[in-house]
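What follows is coords.cif (mmCIF, C-alpha atoms).
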```cif
data_run
#
loop_
_atom_site.label_atom_id
_atom_site.label_comp_id
_atom_site.auth_asym_id
_atom_site.auth_seq_id
_atom_site.Cartn_x
_atom_site.Cartn_y
_atom_site.Cartn_z
CA MET A 1005 55.47 -55.86 -102.57
CA SER A 1006 58.08 -53.72 -104.33
CA ASN A 1007 60.31 -51.04 -102.76
CA GLY A 1008 58.54 -51.63 -99.46
CA ARG A 1009 55.28 -50.33 -100.88
CA PRO A 1010 52.06 -52.34 -101.11
CA LYS A 1011 50.61 -53.27 -104.46
CA VAL A 1012 47.15 -52.03 -103.45
CA SER A 1013 45.91 -49.21 -101.24
CA VAL A 1014 42.31 -49.71 -100.12
CA ILE A 1015 40.65 -46.40 -99.22
CA MET A 1016 37.54 -46.03 -97.08
CA GLY A 1017 35.65 -43.03 -95.74
CA ILE A 1018 33.47 -43.84 -92.72
CA TYR A 1019 30.67 -41.98 -90.98
CA ASN A 1020 28.41 -43.45 -88.29
CA CYS A 1021 28.69 -47.04 -89.49
CA ALA A 1022 29.67 -48.72 -86.21
CA GLU A 1023 27.18 -51.57 -86.60
CA THR A 1024 28.59 -52.73 -89.93
CA LEU A 1025 32.20 -51.54 -89.86
CA SER A 1026 33.85 -54.63 -88.37
CA GLN A 1027 32.36 -56.93 -90.99
CA SER A 1028 33.45 -54.56 -93.75
CA ILE A 1029 37.03 -54.22 -92.48
CA GLU A 1030 37.37 -57.96 -91.96
CA SER A 1031 36.31 -58.59 -95.56
CA ILE A 1032 39.54 -56.82 -96.59
CA ILE A 1033 41.68 -58.46 -93.90
CA ASN A 1034 40.49 -61.87 -95.14
CA GLN A 1035 41.24 -61.26 -98.83
CA SER A 1036 43.14 -63.97 -100.72
CA PHE A 1037 45.42 -61.16 -101.98
CA THR A 1038 47.51 -59.89 -99.07
CA ASP A 1039 49.82 -57.19 -100.48
CA TRP A 1040 47.66 -54.25 -99.41
CA GLU A 1041 47.43 -51.32 -97.05
CA PHE A 1042 44.08 -50.12 -95.73
CA ILE A 1043 43.55 -46.38 -95.21
CA ILE A 1044 40.41 -45.46 -93.27
CA CYS A 1045 39.34 -41.87 -92.65
CA ASP A 1046 36.60 -41.14 -90.12
CA ASP A 1047 34.47 -38.16 -91.16
CA ALA A 1048 33.71 -36.89 -87.63
CA SER A 1049 31.37 -39.74 -86.68
CA SER A 1050 29.12 -39.26 -83.65
CA ASP A 1051 29.05 -42.99 -82.87
CA ASN A 1052 32.04 -45.21 -82.08
CA SER A 1053 33.08 -45.89 -85.69
CA TYR A 1054 36.46 -44.22 -85.12
CA GLU A 1055 37.17 -46.32 -82.02
CA ILE A 1056 36.34 -49.54 -83.87
CA ALA A 1057 38.65 -48.57 -86.74
CA CYS A 1058 41.43 -47.78 -84.25
CA GLU A 1059 41.07 -51.23 -82.67
CA TYR A 1060 41.85 -52.80 -86.05
CA SER A 1061 44.72 -50.41 -86.65
CA ASN A 1062 46.22 -51.35 -83.29
CA LYS A 1063 45.89 -55.02 -84.20
CA TYR A 1064 47.38 -54.54 -87.69
CA PRO A 1065 49.71 -51.53 -87.24
CA ASN A 1066 51.63 -52.05 -90.47
CA LYS A 1067 48.56 -52.66 -92.61
CA ILE A 1068 45.71 -50.42 -91.41
CA TYR A 1069 46.08 -46.65 -91.04
CA ILE A 1070 43.48 -44.36 -89.50
CA LEU A 1071 42.78 -40.68 -90.19
CA LYS A 1072 40.13 -38.51 -88.53
CA ASN A 1073 38.49 -35.32 -89.79
CA ASP A 1074 37.92 -32.54 -87.25
CA SER A 1075 34.53 -31.84 -88.84
CA ASN A 1076 32.21 -33.58 -91.29
CA ILE A 1077 33.60 -32.76 -94.76
CA LYS A 1078 31.70 -35.42 -96.78
CA LEU A 1079 32.94 -38.33 -98.84
CA ALA A 1080 34.84 -36.65 -101.70
CA ALA A 1081 37.12 -34.64 -99.42
CA THR A 1082 37.49 -37.60 -97.07
CA LEU A 1083 38.62 -39.88 -99.90
CA ASN A 1084 41.07 -37.21 -101.03
CA ARG A 1085 42.66 -37.35 -97.57
CA CYS A 1086 43.06 -41.11 -97.99
CA LEU A 1087 44.54 -40.64 -101.47
CA SER A 1088 47.07 -38.12 -100.12
CA ILE A 1089 48.87 -40.85 -98.15
CA ALA A 1090 48.11 -43.89 -100.33
CA SER A 1091 51.30 -45.52 -101.59
CA GLY A 1092 49.99 -48.48 -103.59
CA GLU A 1093 50.30 -48.88 -107.34
CA TYR A 1094 46.56 -49.52 -107.46
CA ILE A 1095 43.81 -47.86 -105.42
CA ALA A 1096 40.70 -49.84 -104.44
CA ARG A 1097 37.50 -48.51 -102.88
CA GLN A 1098 35.52 -49.94 -100.00
CA ASP A 1099 32.56 -48.61 -98.02
CA GLY A 1100 32.05 -49.10 -94.30
CA ASP A 1101 28.75 -50.95 -94.61
CA ASP A 1102 29.66 -53.23 -97.53
CA ILE A 1103 31.60 -56.48 -97.99
CA SER A 1104 34.30 -57.49 -100.47
CA ILE A 1105 34.19 -61.11 -101.64
CA PHE A 1106 37.39 -62.90 -100.57
CA ASP A 1107 39.07 -62.95 -104.01
CA ARG A 1108 37.98 -59.49 -105.17
CA LEU A 1109 41.38 -57.79 -104.90
CA GLU A 1110 43.21 -60.78 -106.39
CA LYS A 1111 41.06 -60.81 -109.52
CA GLN A 1112 41.24 -57.04 -110.02
CA VAL A 1113 45.02 -56.96 -109.58
CA THR A 1114 45.41 -59.84 -112.03
CA PHE A 1115 43.33 -57.94 -114.58
CA LEU A 1116 45.22 -54.64 -114.29
CA ASP A 1117 48.60 -56.42 -114.31
CA SER A 1118 47.76 -58.05 -117.62
CA HIS A 1119 45.80 -55.22 -119.31
CA ASN A 1120 47.87 -52.08 -119.39
CA GLU A 1121 45.40 -50.38 -121.74
CA TYR A 1122 42.82 -50.03 -118.95
CA MET A 1123 43.08 -47.42 -116.20
CA LEU A 1124 40.35 -48.93 -114.05
CA VAL A 1125 38.55 -52.19 -113.38
CA GLY A 1126 35.21 -52.56 -111.59
CA THR A 1127 33.14 -55.59 -110.66
CA GLY A 1128 29.53 -56.58 -110.30
CA MET A 1129 27.58 -56.20 -107.06
CA ILE A 1130 25.32 -58.30 -104.86
CA PRO A 1131 22.82 -56.01 -103.11
CA PHE A 1132 21.72 -57.31 -99.70
CA ASP A 1133 19.70 -56.24 -96.68
CA GLU A 1134 19.38 -57.45 -93.09
CA LYS A 1135 17.57 -60.59 -94.29
CA GLU A 1136 19.08 -61.84 -97.54
CA ASP A 1137 20.92 -61.27 -100.80
CA LEU A 1138 18.67 -59.44 -103.25
CA GLY A 1139 20.07 -60.41 -106.65
CA LEU A 1140 22.91 -59.31 -108.91
CA ARG A 1141 24.07 -56.19 -110.70
CA ILE A 1142 26.60 -56.64 -113.47
CA GLY A 1143 27.93 -53.58 -115.26
CA LYS A 1144 28.55 -53.05 -118.94
CA LEU A 1145 31.76 -54.76 -120.04
CA GLU A 1146 33.50 -51.68 -121.47
CA PRO A 1147 31.59 -48.47 -120.74
CA THR A 1148 32.09 -45.46 -123.02
CA LYS A 1149 31.40 -41.76 -122.63
CA GLU A 1150 27.93 -42.29 -124.10
CA ASP A 1151 27.07 -44.34 -121.00
CA VAL A 1152 27.76 -41.45 -118.62
CA PRO A 1153 24.36 -39.66 -118.96
CA ILE A 1154 22.60 -43.00 -118.51
CA ASN A 1155 24.68 -43.58 -115.35
CA ASN A 1156 25.75 -47.01 -116.62
CA THR A 1157 29.52 -46.88 -116.23
CA PHE A 1158 31.14 -48.26 -113.05
CA MET A 1159 29.86 -49.10 -109.58
CA HIS A 1160 32.01 -46.78 -107.53
CA ALA A 1161 32.59 -48.88 -104.42
CA THR A 1162 33.85 -51.81 -106.52
CA ILE A 1163 36.55 -50.04 -108.49
CA MET A 1164 40.30 -50.45 -108.52
CA MET A 1165 42.14 -47.68 -110.38
CA ARG A 1166 45.78 -47.16 -111.13
CA LYS A 1167 47.18 -44.57 -108.73
CA LYS A 1168 48.52 -42.58 -111.67
CA GLY A 1169 44.93 -42.27 -112.94
CA TYR A 1170 43.73 -40.72 -109.70
CA LYS A 1171 46.73 -38.41 -109.79
CA MET A 1172 46.06 -37.30 -113.37
CA LEU A 1173 42.42 -36.63 -112.45
CA ASN A 1174 43.41 -34.75 -109.27
CA GLY A 1175 41.32 -37.10 -107.17
CA TYR A 1176 37.73 -36.27 -106.32
CA ARG A 1177 36.31 -32.81 -107.01
CA VAL A 1178 34.83 -31.10 -103.95
CA THR A 1179 31.95 -28.81 -104.95
CA LYS A 1180 28.32 -28.26 -104.01
CA HIS A 1181 27.10 -30.40 -106.90
CA THR A 1182 29.41 -33.33 -106.13
CA ARG A 1183 28.48 -33.65 -102.43
CA ARG A 1184 26.62 -36.92 -103.09
CA ALA A 1185 27.73 -37.55 -106.68
CA GLU A 1186 31.52 -37.51 -106.46
CA ASP A 1187 31.67 -40.72 -108.46
CA TYR A 1188 29.54 -39.40 -111.33
CA ASP A 1189 31.79 -36.36 -111.61
CA LEU A 1190 34.81 -38.68 -111.61
CA TRP A 1191 33.42 -40.62 -114.58
CA ILE A 1192 32.91 -37.41 -116.55
CA ARG A 1193 36.55 -36.46 -116.08
CA PHE A 1194 37.68 -40.08 -116.59
CA PHE A 1195 36.18 -40.28 -120.09
CA ALA A 1196 37.09 -36.68 -120.92
CA SER A 1197 40.70 -37.80 -120.37
CA ASP A 1198 40.20 -40.66 -122.88
CA PHE A 1199 40.79 -43.29 -120.21
CA LYS A 1200 39.44 -46.80 -120.64
CA GLY A 1201 37.77 -48.91 -117.97
CA TYR A 1202 36.46 -52.46 -117.75
CA ASN A 1203 33.86 -54.25 -115.61
CA LEU A 1204 34.54 -57.86 -114.60
CA GLN A 1205 31.39 -59.84 -115.31
CA GLU A 1206 31.08 -61.32 -111.85
CA ALA A 1207 29.89 -59.95 -108.53
CA LEU A 1208 32.85 -59.55 -106.18
CA TYR A 1209 31.31 -56.96 -103.87
CA LYS A 1210 28.24 -56.97 -101.62
CA VAL A 1211 26.46 -53.61 -101.21
CA ARG A 1212 24.13 -53.05 -98.27
CA GLU A 1213 20.71 -51.82 -99.37
CA ASP A 1214 18.48 -51.95 -96.34
CA GLU A 1215 15.41 -49.73 -96.12
CA LEU A 1216 17.38 -46.82 -94.66
CA ALA A 1217 19.62 -46.69 -97.74
CA PHE A 1218 16.70 -45.51 -99.86
CA HIS A 1219 15.78 -42.68 -97.49
CA ARG A 1220 19.20 -41.05 -97.10
CA ARG A 1221 19.26 -39.02 -100.29
CA GLU A 1222 17.37 -35.76 -100.21
CA PHE A 1223 15.77 -34.29 -103.33
CA LYS A 1224 18.41 -31.56 -103.55
CA TYR A 1225 21.00 -34.22 -104.34
CA TYR A 1226 19.00 -35.37 -107.36
CA ILE A 1227 19.04 -31.77 -108.58
CA ASP A 1228 22.83 -31.79 -108.17
CA LEU A 1229 23.03 -34.96 -110.26
CA SER A 1230 20.87 -33.43 -113.01
CA ILE A 1231 23.28 -30.52 -113.20
CA LEU A 1232 26.19 -32.95 -113.48
CA VAL A 1233 24.42 -34.84 -116.28
CA TYR A 1234 24.17 -31.56 -118.19
CA LEU A 1235 27.83 -30.74 -117.54
CA GLY A 1236 28.82 -34.25 -118.58
CA CYS A 1237 26.95 -34.05 -121.87
CA TYR A 1238 28.56 -30.70 -122.58
CA LYS A 1239 32.10 -31.63 -121.55
CA LEU A 1240 32.01 -34.96 -123.40
CA LYS A 1241 30.52 -33.31 -126.52
CA LEU A 1242 27.63 -35.75 -126.70
CA PRO A 1243 24.74 -35.46 -129.21
CA LEU A 1244 21.65 -33.53 -128.12
CA LYS A 1245 19.60 -36.69 -127.51
CA TYR A 1246 21.70 -37.46 -124.42
CA TYR A 1247 20.61 -34.21 -122.79
CA LEU A 1248 17.20 -35.83 -122.22
CA PHE A 1249 18.81 -37.80 -119.39
CA ILE A 1250 19.04 -34.57 -117.39
CA LEU A 1251 15.44 -35.34 -116.38
CA LYS A 1252 16.17 -38.86 -115.14
CA PRO A 1253 17.53 -37.96 -111.65
CA ILE A 1254 14.64 -35.56 -111.07
CA ILE A 1255 12.09 -38.24 -111.99
CA VAL A 1256 13.80 -40.71 -109.65
CA GLY A 1257 13.93 -38.10 -106.89
CA LEU A 1258 10.18 -37.48 -107.17
CA THR A 1259 9.32 -41.19 -107.14
CA PRO A 1260 8.25 -42.63 -103.75
CA ARG A 1261 11.14 -44.42 -102.05
CA PHE A 1262 9.33 -47.74 -101.73
CA LEU A 1263 8.83 -47.82 -105.51
CA VAL A 1264 12.51 -47.03 -106.15
CA ARG A 1265 13.47 -49.85 -103.82
CA LYS A 1266 11.10 -52.26 -105.58
CA TYR A 1267 12.54 -51.27 -108.96
CA HIS A 1268 16.12 -51.88 -107.80
CA ARG A 1269 15.15 -55.30 -106.47
CA TYR A 1270 13.30 -56.14 -109.67
CA ARG A 1271 16.36 -55.32 -111.80
CA ALA A 1272 18.67 -57.33 -109.52
CA GLN A 1273 16.39 -60.36 -109.66
CA LYS A 1274 15.88 -59.94 -113.42
CA TYR A 1275 19.61 -60.32 -114.01
CA ILE A 1276 19.65 -63.64 -112.14
CA ILE A 1277 16.74 -64.94 -114.25
CA LYS A 1278 18.40 -63.71 -117.46
CA SER A 1279 21.69 -65.41 -116.53
CA ALA A 1280 20.09 -68.72 -115.55
#
```
Would it be possible to restate this file's structure as C-alpha cells?
Amino acid sequence: MSNGRPKVSVIMGIYNCAETLSQSIESIINQSFTDWEFIICDDASSDNSYEIACEYSNKYPNKIYILKNDSNIKLAATLNRCLSIASGEYIARQDGDDISIFDRLEKQVTFLDSHNEYMLVGTGMIPFDEKEDLGLRIGKLEPTKEDVPINNTFMHATIMMRKKGYKMLNGYRVTKHTRRAEDYDLWIRFFASDFKGYNLQEALYKVREDELAFHRREFKYYIDLSILVYLGCYKLKLPLKYYLFILKPIIVGLTPRFLVRKYHRYRAQKYIIKSA
C-alpha cells in the first residue's frame, strides 16, 4: 500500500443476490493478494442482500465499503457510483453471484505491474451451476478492435483495469442501449482510445450459469446489443464485412434458451478437450 491507498479497488454492484453473496464476498476476502479495498453498491435490492453486505462491512470496516441506491438504477450507473469513491491504482470487477479464484488478484496485479503497455488484463472463466463446473472459457490473448463485433474481447467480470483508464473513458455510459450491455459499450470506447488489453490464459474466475441465468435477458436487450454492434463498427471504422455481426445478437435472442445454454456448455467442454 502506498500513501495509505490500496493497490486494488474491487467494485461490485449487487441486486437480489442474497443466496450467493456471502460466497462471492469471501472469495475476495480470502485472496492471496491482500492490498485491496472492496466497494459494494446495492441497487435497491428487495431481498436482504444489503444487510448481508453490511455484515461484512462491519466485520472489515477498513476494507469493505457499502453504498446503497435509493432506487434501481441498473449496473452501469451502480458501478459508476463505486468508481466515484475507488482509490486504488487498479480497479477489479466482481459480481455478487460469482467466485474469484484465490490468486486471481495477485496474478493480475503482477501482470499490470510488469506490463505498462497494457491498460487492462482479463482472465479466463469457469462456468458453473448448482451441480458442477461446466468447462472453461479462455479469451483471445490480445484482442483488437476487429474482435469487438464478434464479442470476443474481454470477459467483463474478470477484468482489472488501471484506474486512469476508467477515468479517461469516463467510466460506464448510462443510456437505453447500454442497460444490459455496459461492458460491450466500454470495449468500443476502449479500442477507440487505442488502449491495449490482455487476457491471461488461465481461468481465475468462476461465473454462475444456472438455468435462471439464461432466462434473465429479454429480447429487447438483444436489440440494444445489435445497435451497439452497429455503432461499434462505425466508431472503430471497421470494414463493411463486420457489419454482418449486427444480426448475431438478434439470432441469439430468437433462439430457444435451452439451446443457447447447450451451446455455451458445448463450447466450454470443447475447450477442455482441445487443451487436453
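Atom CA of Ile1029 of chain A sits 13.8 Å away from atom CA of Arg1108 of chain A.
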Do a neighbour search on Ser1104 of chain A at 10 Å with all atoms listed in the file, toss out local chain neighbours closer than 2 positions, and write the hits as number ranges by chain. A: 1027-1035, 1097-1099, 1102, 1106-1109, 1129, 1161-1162, 1207-1211
Hey, can you spit out that residue selection with C-alpha atoms as a CSV table (one decimal), keeping the file's coordinate frame?
```csv
chain,number,residue,atom,x,y,z
A,1027,GLN,CA,32.4,-56.9,-91.0
A,1028,SER,CA,33.4,-54.6,-93.8
A,1029,ILE,CA,37.0,-54.2,-92.5
A,1030,GLU,CA,37.4,-58.0,-92.0
A,1031,SER,CA,36.3,-58.6,-95.6
A,1032,ILE,CA,39.5,-56.8,-96.6
A,1033,ILE,CA,41.7,-58.5,-93.9
A,1034,ASN,CA,40.5,-61.9,-95.1
A,1035,GLN,CA,41.2,-61.3,-98.8
A,1097,ARG,CA,37.5,-48.5,-102.9
A,1098,GLN,CA,35.5,-49.9,-100.0
A,1099,ASP,CA,32.6,-48.6,-98.0
A,1102,ASP,CA,29.7,-53.2,-97.5
A,1106,PHE,CA,37.4,-62.9,-100.6
A,1107,ASP,CA,39.1,-63.0,-104.0
A,1108,ARG,CA,38.0,-59.5,-105.2
A,1109,LEU,CA,41.4,-57.8,-104.9
A,1129,MET,CA,27.6,-56.2,-107.1
A,1161,ALA,CA,32.6,-48.9,-104.4
A,1162,THR,CA,33.8,-51.8,-106.5
A,1207,ALA,CA,29.9,-60.0,-108.5
A,1208,LEU,CA,32.8,-59.6,-106.2
A,1209,TYR,CA,31.3,-57.0,-103.9
A,1210,LYS,CA,28.2,-57.0,-101.6
A,1211,VAL,CA,26.5,-53.6,-101.2
```
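Distances to Gly1017 of chain A were evaluated for A:Ser1230, A:Thr1082, A:Asn1052, A:Asn1174 using all atoms listed in the file, and the minimum falls at A:Thr1082.
Within the file as shown, the PyMOL selection byres ((chain A and resi 1235) around 12) identifies A:Val1152, A:Pro1153, A:His1181, A:Thr1182, A:Tyr1188, A:Asp1189, A:Trp1191, A:Ile1192, A:Arg1193, A:Ala1196, A:Asp1228, A:Leu1229, A:Ser1230, A:Ile1231, A:Leu1232, A:Val1233, A:Tyr1234, A:Gly1236, A:Cys1237, A:Tyr1238, A:Lys1239, A:Leu1240, A:Lys1241, A:Leu1242, A:Tyr1246, A:Tyr1247, A:Phe1249, A:Ile1250.
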For the selection just defined, write its residues with C-alpha atoms to a file, as a compact mmCIF listing (two decimals), keeping the file's coordinate frame.
```
# COMPACT_ATOMS: atom_id res chain seq x y z
CA VAL A 1152 27.76 -41.45 -118.62
CA PRO A 1153 24.36 -39.66 -118.96
CA HIS A 1181 27.10 -30.40 -106.90
CA THR A 1182 29.41 -33.33 -106.13
CA TYR A 1188 29.54 -39.40 -111.33
CA ASP A 1189 31.79 -36.36 -111.61
CA TRP A 1191 33.42 -40.62 -114.58
CA ILE A 1192 32.91 -37.41 -116.55
CA ARG A 1193 36.55 -36.46 -116.08
CA ALA A 1196 37.09 -36.68 -120.92
CA ASP A 1228 22.83 -31.79 -108.17
CA LEU A 1229 23.03 -34.96 -110.26
CA SER A 1230 20.87 -33.43 -113.01
CA ILE A 1231 23.28 -30.52 -113.20
CA LEU A 1232 26.19 -32.95 -113.48
CA VAL A 1233 24.42 -34.84 -116.28
CA TYR A 1234 24.17 -31.56 -118.19
CA GLY A 1236 28.82 -34.25 -118.58
CA CYS A 1237 26.95 -34.05 -121.87
CA TYR A 1238 28.56 -30.70 -122.58
CA LYS A 1239 32.10 -31.63 -121.55
CA LEU A 1240 32.01 -34.96 -123.40
CA LYS A 1241 30.52 -33.31 -126.52
CA LEU A 1242 27.63 -35.75 -126.70
CA TYR A 1246 21.70 -37.46 -124.42
CA TYR A 1247 20.61 -34.21 -122.79
CA PHE A 1249 18.81 -37.80 -119.39
CA ILE A 1250 19.04 -34.57 -117.39
```
Would you write out, as a list in words, every residue that the PyMOL selection byres ((chain A and resi 1156) around 12) captures in this file? Arg1141, Ile1142, Gly1143, Lys1144, Leu1145, Glu1146, Pro1147, Thr1148, Lys1149, Glu1150, Asp1151, Val1152, Pro1153, Ile1154, Asn1155, Thr1157, Phe1158, Met1159, His1160, Asp1187, Tyr1188, Trp1191, Ile1192, Asn1203 and Phe1249 of chain A
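Considering the residues A:Lys1252, A:Arg1166, A:Lys1245, A:Lys1135 and counting all atoms listed in the file, Asp1214 of chain A has its shortest atom-to-atom contact with A:Lys1135.
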I need the residue set behind the PyMOL selection byres ((chain A and resi 1095) around 12) for this file; please write it as a VMD selection string. chain A and resid 1010 to 1016 1040 to 1043 1083 to 1084 1086 to 1094 1096 to 1098 1109 1112 to 1113 1116 1123 to 1126 1161 to 1171 1175
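In this structure, atom CA of Thr1179 of chain A sits 23.0 Å away from atom CA of Asp1198 of chain A.
Distances from A:Gly1257, A:Leu1025, A:Gly1008, A:Lys1072 to Tyr1226 of chain A were compared using all atoms listed in the file, and the smallest one belongs to A:Gly1257.
Proximity to Thr1127 of chain A was assessed for A:Leu1071, A:Leu1244, A:Leu1204, A:Leu1251 counting all atoms listed in the file; the smallest distance is recorded for A:Leu1204.
Comparing A:Ser1053, A:Thr1038, A:Ser1075, A:Ile1254 by their smallest distance to Glu1110 of chain A, the closest is A:Thr1038 (using all atoms listed in the file).
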Could you please determine the separation between atom CA of Phe1037 of chain A and atom CA of Asp1117 of chain A in Å, to one decimal place? 13.6 Å
Choose the residue, out of A:Asp1039, A:Glu1213, A:Asp1047, A:Glu1206, that has the smallest atom-to-atom separation from Arg1085 of chain A; count all atoms listed in the file. A:Asp1047
